[in-house]
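Report on one structure; see the data block that follows.
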Amino acid sequence: MTKNTIYTYGTAGFRGKADTLEKAVARCGIAACLRSQQLNGQTIGVMITASHNPVNDNGVKIIDANGGMLDQTWEPLCTRLANASSESELEAAIKEIETVIANPSYSSVKPSVVLASDTRPSSPHLSKTLINALQSRNADFYDYGLLTTPQLHWLIQAINENSEYHVPSSIPHIESYYKTLSSSFVDLCKQFVPFETGKTKLIIDCANGVGAIHLEKLCSMLLPFLEIELVNKNTEQTDLLNKNCGADFVKTTQSLPAGLSGTLSPMQLCASFDGDADRVVFYFVDSAKKFHLLDGDKISVLAAKQLSACIKASQLDLKLGVIQTAYANGASTVYLEDELNIRAECVLTGVKHLEKAAREYDIGVYFEANGHGTVVFSKSCLQKLDTLPANATGEQRSAVNLLKGLSTLCNQAIGDSISDTLMVVFLLQVLGWNAADWLNMYHDLPNALAKATVRNRFEFVCTDADRRLVKPSGLQQIVDEIMRPYESARAFIRASGTEDAVRVYVEASSQKDVDKMMQAIMELLTVY
Ligand code: 16G
Ligand code: MG
């Protein structure tokens with residue numbers, strides 16, 4: 001993002017080089033205030049982070065009052081505010097938004113906003129810029145300092161769901177997050193993990209990001225059921241952030257992060273978080289030192305298997321759904337539908353789309369292959385879990401207790417690498433599985449993901465949840481022809497929402513076929 005570039009509020013909010021973001025951050029402060037006023041003073045969050053991007057980038061995104069992603073109708077309003085180039089244009093943009101607000105008494109409502117940031121060196125200055133904007137709107141605000149993105153989502157949900165909280169005088173402390181997650185995990189383990197299994201050890205690569213700070217504090221609360229060893233936890237030397245480590249590095253390179261290569265024992269389960277700890281992938285090396293990835297699809301299928309068994313045992317009428325994107329490995333979808341008999345829905349890429357679809361179910365499991373996701377329980381599902389008939393059997397009660405435990409262990413506001421990790425460790429223990437058992441649940445189809453630079457990525461328009469191109473005209477037909485000879489072949493091209501490129505995904509029954517298809521499609525794209 002250069003000084004003259006137009007800001008566009010996308011899935012990741014505003015993101016770019018840190019020194020270009022001051023205005024966007026201040027305007028997000030104004031947008032958060034207006035949104036809070038629209039919702040009669042409910043608390044809105046603003047998170048300063050650029051996730052897995054390099055350390056010199058930063059970003060800002062707004063968290064809505066329910067703890068989820070900002071309502072999509074507000075995205076263009078944020079864009080409009082951020083691009084106002086003078087005070088008078090800004091006033092005009094605010095006036096325009098006030099007409100959209102549709103809350104006649106909004107002007108007498110005091111805005112309430114909380115903020116937090118990741119560990120980037122530019123974050124304190126951007127937080128200060130944000131606070132100035134909040135003060136100019138006469139908002140009540142609280143700065144939580146260094147948090148992971150999902151922690152801020154969780155706290156906002158807590159603030160708005162409990163009438164005893166008021167910003168800034170009476171707010172939930174981050175300790176309440178640690179306590180909820182650790183006690184849910186420990187209680188679940190006490191009830192469901194056979195004693196003789198002993199404690200599990202997990203190595204977590206923190207990408208040298210903010211997750212390390214919070215895991216350090218949480219670790220001791222998980223004993224004796226889980227022993228965590230942290231690597232890449234240096235948040236002081238900021239140039240190390242996301243450097244050759246973290247979830248994005250591990251998923252895209254399919255290799256061990258810095259700090260683990262060479263020293264890792266075979267079969268030791270490891271996890272990698274991204275810079276703001278909202279993504280997690282798992283992996284291990286076997287006795288031949290071969291690397292095996294357990295990505296978001298594997299997490300999703302593991303959770304779905306246990307949840308569907310519990311729903312069945314509870315004898316409650318609960319609808320379970322699994323939400324995936326076009327990037328989900330085809331083998332995971334086949335396993336969900338054919339082996340587990342669970343409907344898998346495919347939606348557009350981006351957490352907001354998955355979350356929305358997941359909330360249509362009593363229990364919705366949503367994960368992107370890249371490791372974003374969680375399990376959400378509807379209000380009516382929680383009510384059903386609380387009202388088991390007096391004559392319910394022990395098996396029913398036990399299943400219901402497991403579901404209730406997961407509903408407080410899993411972050412209900414947004415995907416969270418910390419809570420997802422605890423869920424995975426618990427589920428593996430309940431099943432008595434090691435990393436290889438989990439890997440062998442189903443075998444991923446060989447696949448490849450590549451990036452191609454094109455003249456104008458906005459000319460690439462998809463339909464069918466990103467799986468088919470409608471524009472440029474005729475291109476999809478050529479891709480179909482390329483795929484036709486190959487078994488279990490699937491390929492699609494979609495414009496990236498975060499980079500100036502198009503992404504190409506290919507899968508087929510053999511790596512050789514994948515490579516041939518990928519080469520043909522990449523060649524095809526050189527003329528666009
Ligand atoms: C953003 C999204 C993520 C999505 C990715 C796709 C959130 C919090 N993050 O990082 O869900 O997978 O974009 O990137 O929504 P792409 O459009 O560049 O392929
Ligand atoms: Mg992230």
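Naming scheme: A, B, ... for chains in displayed order of the structure tokens; residues 1 onward per chain; ligands 1 onward as shown.
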
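If you count only C-alpha atoms and ignore residues fewer than 2 places along the chain from Ser184 (chain A), what sits within 7 Å of it is Thr180, Leu181, Ser182, Val186, Asp187, Leu188, Gly405, Thr408 and Leu409 of chain A.
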
Quiz item: Within 10 Å of Asp317 (chain A), counting only C-alpha atoms, which residues qualify if same-chain residues fewer than 3 places away don't, as a list in words?
Solution: Ile311, Lys312, Ser314, Leu320, Asp362, Cys381 and Lys384 of chain A

Hey, can you spit out that residue selection with all heavy atoms as an mmCIF file, in the first residue's frame?
data_model
loop_
_atom_site.group_PDB
_atom_site.id
_atom_site.type_symbol
_atom_site.label_atom_id
_atom_site.label_comp_id
_atom_site.auth_asym_id
_atom_site.auth_seq_id
_atom_site.Cartn_x
_atom_site.Cartn_y
_atom_site.Cartn_z
ATOM 1 N N ILE A 311 -23.039 -36.960 19.509
ATOM 2 C CA ILE A 311 -24.433 -36.594 19.225
ATOM 3 C C ILE A 311 -25.279 -37.869 19.192
ATOM 4 O O ILE A 311 -26.369 -37.936 19.769
ATOM 5 C CB ILE A 311 -24.534 -35.804 17.897
ATOM 6 C CG1 ILE A 311 -23.890 -34.431 18.055
ATOM 7 C CG2 ILE A 311 -25.990 -35.680 17.451
ATOM 8 C CD1 ILE A 311 -23.777 -33.623 16.783
ATOM 9 N N LYS A 312 -24.726 -38.887 18.543
ATOM 10 C CA LYS A 312 -25.453 -40.158 18.454
ATOM 11 C C LYS A 312 -25.681 -40.724 19.862
ATOM 12 O O LYS A 312 -26.808 -41.088 20.232
ATOM 13 C CB LYS A 312 -24.623 -41.137 17.609
ATOM 14 C CG LYS A 312 -25.413 -42.297 17.092
ATOM 15 C CD LYS A 312 -24.694 -42.979 15.949
ATOM 16 C CE LYS A 312 -25.372 -44.322 15.707
ATOM 17 N NZ LYS A 312 -24.439 -45.422 15.686
ATOM 18 N N SER A 314 -25.773 -39.198 22.650
ATOM 19 C CA SER A 314 -26.628 -38.337 23.496
ATOM 20 C C SER A 314 -28.108 -38.550 23.196
ATOM 21 O O SER A 314 -28.967 -38.181 23.980
ATOM 22 C CB SER A 314 -26.290 -36.866 23.267
ATOM 23 O OG SER A 314 -26.825 -36.432 22.033
ATOM 24 N N LEU A 320 -25.397 -31.578 12.865
ATOM 25 C CA LEU A 320 -23.960 -31.287 12.778
ATOM 26 C C LEU A 320 -23.596 -30.963 11.338
ATOM 27 O O LEU A 320 -24.010 -31.679 10.417
ATOM 28 C CB LEU A 320 -23.176 -32.522 13.241
ATOM 29 C CG LEU A 320 -21.660 -32.510 13.078
ATOM 30 C CD1 LEU A 320 -21.003 -31.502 14.019
ATOM 31 C CD2 LEU A 320 -21.068 -33.899 13.334
ATOM 32 N N ASP A 362 -26.704 -26.746 14.565
ATOM 33 C CA ASP A 362 -26.647 -26.819 16.036
ATOM 34 C C ASP A 362 -25.186 -26.847 16.468
ATOM 35 O O ASP A 362 -24.782 -26.168 17.402
ATOM 36 C CB ASP A 362 -27.353 -28.090 16.529
ATOM 37 C CG ASP A 362 -28.849 -28.005 16.288
ATOM 38 O OD1 ASP A 362 -29.452 -26.981 16.656
ATOM 39 O OD2 ASP A 362 -29.413 -28.951 15.692
ATOM 40 N N CYS A 381 -28.691 -25.376 20.880
ATOM 41 C CA CYS A 381 -27.974 -26.623 21.177
ATOM 42 C C CYS A 381 -27.556 -26.624 22.650
ATOM 43 O O CYS A 381 -27.739 -27.618 23.363
ATOM 44 C CB CYS A 381 -26.762 -26.736 20.267
ATOM 45 S SG CYS A 381 -25.598 -28.003 20.763
ATOM 46 N N LYS A 384 -30.434 -27.461 24.799
ATOM 47 C CA LYS A 384 -30.754 -28.900 24.774
ATOM 48 C C LYS A 384 -29.779 -29.687 25.655
ATOM 49 O O LYS A 384 -30.162 -30.627 26.338
ATOM 50 C CB LYS A 384 -30.691 -29.437 23.337
ATOM 51 C CG LYS A 384 -31.902 -29.076 22.505
ATOM 52 C CD LYS A 384 -31.818 -29.718 21.131
ATOM 53 C CE LYS A 384 -32.860 -29.118 20.205
ATOM 54 N NZ LYS A 384 -32.710 -29.508 18.808
#

Quiz item: Nearest to ligand 1: which of A:Asp513, A:Glu395, A:Glu481, A:Asp248 is it, counting only C-alpha atoms and all ligand atoms?
Solution: A:Asp248

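Shortest atom-to-atom contact with ligand 2 among A:Lys110, A:Arg279, A:His292, A:Arg397: A:Arg279, counting only C-alpha atoms and all ligand atoms.
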
Using only C-alpha atoms and all ligand atoms, find each residue with an atom at most 9 Å away from ligand 1 and format the answer as a PDB file with N, CA, C and O atoms, in the first residue's frame.
ATOM      1  N   GLY A  10     -10.800  -5.401   3.458  1.00  0.00           N
ATOM      2  CA  GLY A  10     -11.062  -6.772   2.990  1.00  0.00           C
ATOM      3  C   GLY A  10     -11.160  -7.745   4.141  1.00  0.00           C
ATOM      4  O   GLY A  10     -11.345  -7.329   5.291  1.00  0.00           O
ATOM      5  N   THR A  11     -11.017  -9.039   3.840  1.00  0.00           N
ATOM      6  CA  THR A  11     -11.115 -10.082   4.875  1.00  0.00           C
ATOM      7  C   THR A  11     -10.183  -9.823   6.041  1.00  0.00           C
ATOM      8  O   THR A  11     -10.504 -10.154   7.185  1.00  0.00           O
ATOM      9  N   ALA A  12      -9.011  -9.275   5.729  1.00  0.00           N
ATOM     10  CA  ALA A  12      -8.039  -9.050   6.791  1.00  0.00           C
ATOM     11  C   ALA A  12      -8.104  -7.609   7.287  1.00  0.00           C
ATOM     12  O   ALA A  12      -7.171  -7.132   7.924  1.00  0.00           O
ATOM     13  N   GLY A  13      -9.171  -6.880   7.022  1.00  0.00           N
ATOM     14  CA  GLY A  13      -9.259  -5.460   7.380  1.00  0.00           C
ATOM     15  C   GLY A  13      -8.390  -4.666   6.427  1.00  0.00           C
ATOM     16  O   GLY A  13      -8.335  -4.958   5.232  1.00  0.00           O
ATOM     17  N   SER A  51      -0.885 -10.454  11.167  1.00  0.00           N
ATOM     18  CA  SER A  51      -0.907 -11.916  11.142  1.00  0.00           C
ATOM     19  C   SER A  51       0.432 -12.532  10.724  1.00  0.00           C
ATOM     20  O   SER A  51       1.439 -12.302  11.365  1.00  0.00           O
ATOM     21  N   HIS A  52       0.447 -13.276   9.614  1.00  0.00           N
ATOM     22  CA  HIS A  52       1.665 -13.981   9.215  1.00  0.00           C
ATOM     23  C   HIS A  52       2.559 -13.150   8.288  1.00  0.00           C
ATOM     24  O   HIS A  52       3.587 -13.643   7.821  1.00  0.00           O
ATOM     25  N   MET A  69     -16.482 -11.543  13.059  1.00  0.00           N
ATOM     26  CA  MET A  69     -15.929 -10.580  12.098  1.00  0.00           C
ATOM     27  C   MET A  69     -16.927  -9.444  11.904  1.00  0.00           C
ATOM     28  O   MET A  69     -18.130  -9.628  12.080  1.00  0.00           O
ATOM     29  N   ASP A 278      -4.180 -17.053  15.219  1.00  0.00           N
ATOM     30  CA  ASP A 278      -5.530 -17.495  14.833  1.00  0.00           C
ATOM     31  C   ASP A 278      -5.483 -18.640  13.820  1.00  0.00           C
ATOM     32  O   ASP A 278      -6.498 -19.019  13.255  1.00  0.00           O
ATOM     33  N   ARG A 279      -4.287 -19.170  13.571  1.00  0.00           N
ATOM     34  CA  ARG A 279      -4.147 -20.324  12.684  1.00  0.00           C
ATOM     35  C   ARG A 279      -3.249 -21.344  13.337  1.00  0.00           C
ATOM     36  O   ARG A 279      -2.256 -20.982  13.969  1.00  0.00           O
ATOM     37  N   THR A 325     -13.693 -25.059   2.405  1.00  0.00           N
ATOM     38  CA  THR A 325     -13.586 -24.220   1.207  1.00  0.00           C
ATOM     39  C   THR A 325     -13.063 -25.089   0.062  1.00  0.00           C
ATOM     40  O   THR A 325     -12.738 -26.271   0.258  1.00  0.00           O
ATOM     41  N   THR A 349     -13.780 -18.757   0.159  1.00  0.00           N
ATOM     42  CA  THR A 349     -12.602 -18.610   1.015  1.00  0.00           C
ATOM     43  C   THR A 349     -12.747 -17.396   1.935  1.00  0.00           C
ATOM     44  O   THR A 349     -13.276 -16.369   1.527  1.00  0.00           O
ATOM     45  N   GLY A 350     -12.263 -17.527   3.160  1.00  0.00           N
ATOM     46  CA  GLY A 350     -12.330 -16.398   4.135  1.00  0.00           C
ATOM     47  C   GLY A 350     -13.167 -16.782   5.329  1.00  0.00           C
ATOM     48  O   GLY A 350     -14.286 -17.288   5.189  1.00  0.00           O
ATOM     49  N   VAL A 351     -12.626 -16.529   6.514  1.00  0.00           N
ATOM     50  CA  VAL A 351     -13.257 -16.950   7.766  1.00  0.00           C
ATOM     51  C   VAL A 351     -14.715 -16.500   7.871  1.00  0.00           C
ATOM     52  O   VAL A 351     -15.584 -17.241   8.315  1.00  0.00           O
ATOM     53  N   LYS A 352     -14.990 -15.255   7.433  1.00  0.00           N
ATOM     54  CA  LYS A 352     -16.355 -14.740   7.619  1.00  0.00           C
ATOM     55  C   LYS A 352     -17.399 -15.620   6.906  1.00  0.00           C
ATOM     56  O   LYS A 352     -18.503 -15.788   7.399  1.00  0.00           O
ATOM     57  N   HIS A 353     -17.023 -16.189   5.762  1.00  0.00           N
ATOM     58  CA  HIS A 353     -17.976 -17.027   5.026  1.00  0.00           C
ATOM     59  C   HIS A 353     -18.184 -18.371   5.732  1.00  0.00           C
ATOM     60  O   HIS A 353     -19.298 -18.888   5.811  1.00  0.00           O
ATOM     61  N   LEU A 354     -17.091 -18.927   6.234  1.00  0.00           N
ATOM     62  CA  LEU A 354     -17.198 -20.224   6.918  1.00  0.00           C
ATOM     63  C   LEU A 354     -17.997 -20.080   8.203  1.00  0.00           C
ATOM     64  O   LEU A 354     -18.864 -20.901   8.520  1.00  0.00           O
ATOM     65  N   GLU A 368     -10.495 -23.909   7.548  1.00  0.00           N
ATOM     66  CA  GLU A 368      -9.849 -23.809   6.248  1.00  0.00           C
ATOM     67  C   GLU A 368      -8.632 -24.728   6.310  1.00  0.00           C
ATOM     68  O   GLU A 368      -8.069 -24.945   7.393  1.00  0.00           O
ATOM     69  N   ALA A 369      -8.207 -25.225   5.143  1.00  0.00           N
ATOM     70  CA  ALA A 369      -7.042 -26.112   5.126  1.00  0.00           C
ATOM     71  C   ALA A 369      -5.836 -25.421   5.768  1.00  0.00           C
ATOM     72  O   ALA A 369      -5.009 -26.062   6.417  1.00  0.00           O
ATOM     73  N   ASN A 370      -5.757 -24.086   5.656  1.00  0.00           N
ATOM     74  CA  ASN A 370      -4.612 -23.348   6.195  1.00  0.00           C
ATOM     75  C   ASN A 370      -4.609 -23.229   7.724  1.00  0.00           C
ATOM     76  O   ASN A 370      -3.706 -22.646   8.306  1.00  0.00           O
ATOM     77  N   GLY A 371      -5.650 -23.750   8.397  1.00  0.00           N
ATOM     78  CA  GLY A 371      -5.618 -23.815   9.860  1.00  0.00           C
ATOM     79  C   GLY A 371      -6.479 -22.807  10.605  1.00  0.00           C
ATOM     80  O   GLY A 371      -6.440 -22.750  11.829  1.00  0.00           O
ATOM     81  N   HIS A 372      -7.267 -21.995   9.873  1.00  0.00           N
ATOM     82  CA  HIS A 372      -8.228 -21.096  10.528  1.00  0.00           C
ATOM     83  C   HIS A 372      -9.478 -21.894  10.840  1.00  0.00           C
ATOM     84  O   HIS A 372     -10.042 -22.508   9.936  1.00  0.00           O
ATOM     85  N   GLY A 373     -10.000 -21.824  12.071  1.00  0.00           N
ATOM     86  CA  GLY A 373     -11.293 -22.462  12.300  1.00  0.00           C
ATOM     87  C   GLY A 373     -11.573 -22.777  13.748  1.00  0.00           C
ATOM     88  O   GLY A 373     -10.721 -22.603  14.627  1.00  0.00           O
ATOM     89  N   ILE A 414     -14.406 -17.021  17.491  1.00  0.00           N
ATOM     90  CA  ILE A 414     -13.604 -17.107  16.248  1.00  0.00           C
ATOM     91  C   ILE A 414     -12.587 -18.235  16.395  1.00  0.00           C
ATOM     92  O   ILE A 414     -12.312 -18.669  17.509  1.00  0.00           O
ATOM     93  N   GLY A 415     -12.025 -18.684  15.273  1.00  0.00           N
ATOM     94  CA  GLY A 415     -10.980 -19.706  15.301  1.00  0.00           C
ATOM     95  C   GLY A 415      -9.784 -19.234  16.116  1.00  0.00           C
ATOM     96  O   GLY A 415      -9.375 -18.090  16.004  1.00  0.00           O
ATOM     97  N   ARG A 494      -8.313 -18.932  -8.657  1.00  0.00           N
ATOM     98  CA  ARG A 494      -9.078 -17.814  -8.081  1.00  0.00           C
ATOM     99  C   ARG A 494      -8.140 -16.652  -7.732  1.00  0.00           C
ATOM    100  O   ARG A 494      -6.955 -16.868  -7.429  1.00  0.00           O
ATOM    101  N   ALA A 495      -8.700 -15.462  -7.822  1.00  0.00           N
ATOM    102  CA  ALA A 495      -7.895 -14.279  -7.503  1.00  0.00           C
ATOM    103  C   ALA A 495      -7.683 -14.233  -6.003  1.00  0.00           C
ATOM    104  O   ALA A 495      -8.630 -14.433  -5.233  1.00  0.00           O
ATOM    105  N   SER A 496      -6.459 -13.958  -5.585  1.00  0.00           N
ATOM    106  CA  SER A 496      -6.184 -13.818  -4.153  1.00  0.00           C
ATOM    107  C   SER A 496      -6.860 -12.555  -3.629  1.00  0.00           C
ATOM    108  O   SER A 496      -6.947 -11.552  -4.333  1.00  0.00           O
ATOM    109  N   GLY A 497      -7.309 -12.629  -2.389  1.00  0.00           N
ATOM    110  CA  GLY A 497      -7.877 -11.440  -1.757  1.00  0.00           C
ATOM    111  C   GLY A 497      -6.816 -10.666  -0.992  1.00  0.00           C
ATOM    112  O   GLY A 497      -7.060  -9.559  -0.524  1.00  0.00           O
ATOM    113  N   THR A 498      -5.638 -11.253  -0.822  1.00  0.00           N
ATOM    114  CA  THR A 498      -4.626 -10.604   0.018  1.00  0.00           C
ATOM    115  C   THR A 498      -3.336 -10.260  -0.737  1.00  0.00           C
ATOM    116  O   THR A 498      -2.481  -9.573  -0.205  1.00  0.00           O
ATOM    117  N   GLU A 499      -3.171 -10.785  -1.944  1.00  0.00           N
ATOM    118  CA  GLU A 499      -1.948 -10.516  -2.707  1.00  0.00           C
ATOM    119  C   GLU A 499      -2.314 -10.222  -4.156  1.00  0.00           C
ATOM    120  O   GLU A 499      -3.364 -10.670  -4.639  1.00  0.00           O
ATOM    121  N   ASP A 500      -1.422  -9.529  -4.869  1.00  0.00           N
ATOM    122  CA  ASP A 500      -1.706  -9.207  -6.262  1.00  0.00           C
ATOM    123  C   ASP A 500      -1.329 -10.390  -7.160  1.00  0.00           C
ATOM    124  O   ASP A 500      -0.309 -10.363  -7.858  1.00  0.00           O
ATOM    125  N   ALA A 501      -2.139 -11.436  -7.125  1.00  0.00           N
ATOM    126  CA  ALA A 501      -1.845 -12.658  -7.882  1.00  0.00           C
ATOM    127  C   ALA A 501      -3.107 -13.520  -7.954  1.00  0.00           C
ATOM    128  O   ALA A 501      -4.076 -13.256  -7.243  1.00  0.00           O
ATOM    129  N   VAL A 502      -3.063 -14.531  -8.830  1.00  0.00           N
ATOM    130  CA  VAL A 502      -4.118 -15.543  -8.767  1.00  0.00           C
ATOM    131  C   VAL A 502      -3.506 -16.828  -8.213  1.00  0.00           C
ATOM    132  O   VAL A 502      -2.318 -17.080  -8.384  1.00  0.00           O
ATOM    133  N   ARG A 503      -4.315 -17.603  -7.504  1.00  0.00           N
ATOM    134  CA  ARG A 503      -3.822 -18.865  -6.959  1.00  0.00           C
ATOM    135  C   ARG A 503      -4.381 -20.019  -7.786  1.00  0.00           C
ATOM    136  O   ARG A 503      -5.532 -19.970  -8.228  1.00  0.00           O
TER     137      ARG A 503
END

Practice problem: Counting only C-alpha atoms and all ligand atoms, figure out which residue out of A:Thr73, A:Thr149, A:Asn234, A:Asn208 gets nearest to ligand 2. | Solution: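 Of all the options, A:Thr149 lies closest to ligand 2.
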
Quiz item: Which neighbours of Asp286 (chain A) fall inside 12 Å, counting only C-alpha atoms, when residues of the same chain fewer than 2 positions from it are skipped, and could you give them as a VMD selection string?
Solution: chain A and resid 264 to 269 283 to 284 288 to 293 434 to 436 439

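Near Pro446 (chain A), within a cut-off of 7 Å and counting only C-alpha atoms, sit the residues A:Glu507, A:Ala508, A:Ser509, A:Ser510, A:Gln511, A:Val514, with same-chain residues fewer than 4 positions away left out.
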
Practice problem: Using DSSP on the backbone coordinates, identify the residues of region 262-402 of chain A assigned to strand (DSSP E); present them as a PyMOL selection string. | Solution: chain A and resi 270-273+280-285+291-294+320-325+344-347+363-367+373-377

Practice problem: Go through A:Gln315, A:Gly364, A:Asp118, A:Asn329 one by one, measure the shortest atom-to-atom distance of each to Leu388 (chain A) using only C-alpha atoms, and give the residue with the smallest value. | Solution: A:Gln315

If we count only C-alpha atoms and set the cut-off at 12 Å, which residues sit around Ser473 (chain A), ignoring sequence neighbours fewer than 2 positions away in its own chain? Please answer as a CSV table (one decimal) with N, CA, C and O atoms, in the first residue's frame.
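Saved file around03.csv follows:
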chain,number,residue,atom,x,y,z
A,459,GLU,N,-9.9,-9.5,-13.2
A,459,GLU,CA,-10.6,-10.0,-14.3
A,459,GLU,C,-10.9,-11.5,-14.1
A,459,GLU,O,-11.7,-12.1,-14.9
A,460,PHE,N,-10.4,-12.1,-13.0
A,460,PHE,CA,-10.7,-13.5,-12.7
A,460,PHE,C,-11.9,-13.6,-11.8
A,460,PHE,O,-11.7,-13.2,-10.6
A,461,VAL,N,-13.0,-14.0,-12.3
A,461,VAL,CA,-14.2,-14.0,-11.5
A,461,VAL,C,-14.7,-15.5,-11.4
A,461,VAL,O,-14.8,-16.2,-12.4
A,462,CYS,N,-15.0,-15.9,-10.1
A,462,CYS,CA,-15.3,-17.3,-9.9
A,462,CYS,C,-16.8,-17.4,-9.6
A,462,CYS,O,-17.5,-16.5,-9.2
A,468,ARG,N,-15.2,-22.6,-9.9
A,468,ARG,CA,-15.2,-22.5,-11.4
A,468,ARG,C,-15.1,-21.0,-11.8
A,468,ARG,O,-15.6,-20.2,-11.1
A,469,LEU,N,-14.4,-20.8,-12.9
A,469,LEU,CA,-14.2,-19.4,-13.4
A,469,LEU,C,-15.3,-19.1,-14.4
A,469,LEU,O,-15.7,-19.9,-15.2
A,470,VAL,N,-15.9,-17.9,-14.2
A,470,VAL,CA,-16.8,-17.4,-15.3
A,470,VAL,C,-16.1,-16.4,-16.2
A,470,VAL,O,-16.5,-16.2,-17.3
A,471,LYS,N,-15.1,-15.8,-15.7
A,471,LYS,CA,-14.3,-14.9,-16.5
A,471,LYS,C,-12.8,-15.1,-16.1
A,471,LYS,O,-12.5,-15.4,-15.0
A,475,LEU,N,-11.8,-19.6,-20.4
A,475,LEU,CA,-10.6,-20.2,-19.6
A,475,LEU,C,-11.0,-21.4,-18.9
A,475,LEU,O,-10.3,-22.4,-18.9
A,476,GLN,N,-12.2,-21.4,-18.3
A,476,GLN,CA,-12.6,-22.6,-17.5
A,476,GLN,C,-12.7,-23.9,-18.4
A,476,GLN,O,-12.3,-25.0,-18.0
A,477,GLN,N,-13.2,-23.6,-19.6
A,477,GLN,CA,-13.3,-24.8,-20.6
A,477,GLN,C,-12.0,-25.4,-20.9
A,477,GLN,O,-11.8,-26.6,-21.0
A,478,ILE,N,-10.9,-24.5,-21.0
A,478,ILE,CA,-9.6,-25.0,-21.3
A,478,ILE,C,-9.1,-25.8,-20.0
A,478,ILE,O,-8.5,-26.9,-20.2
A,479,VAL,N,-9.3,-25.3,-18.8
A,479,VAL,CA,-8.9,-26.0,-17.6
A,479,VAL,C,-9.6,-27.4,-17.6
A,479,VAL,O,-9.0,-28.4,-17.3
A,528,TYR,N,-2.2,-14.2,-19.8
A,528,TYR,CA,-3.2,-13.4,-19.1
A,528,TYR,C,-2.6,-12.2,-18.4
A,528,TYR,O,-1.6,-12.4,-17.8

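Distance annotation: of A:Asp64, A:Glu22, A:Asp295, A:Glu523, the residue with the minimal separation from Ile159 (chain A) is A:Asp64; atom set is only C-alpha atoms.
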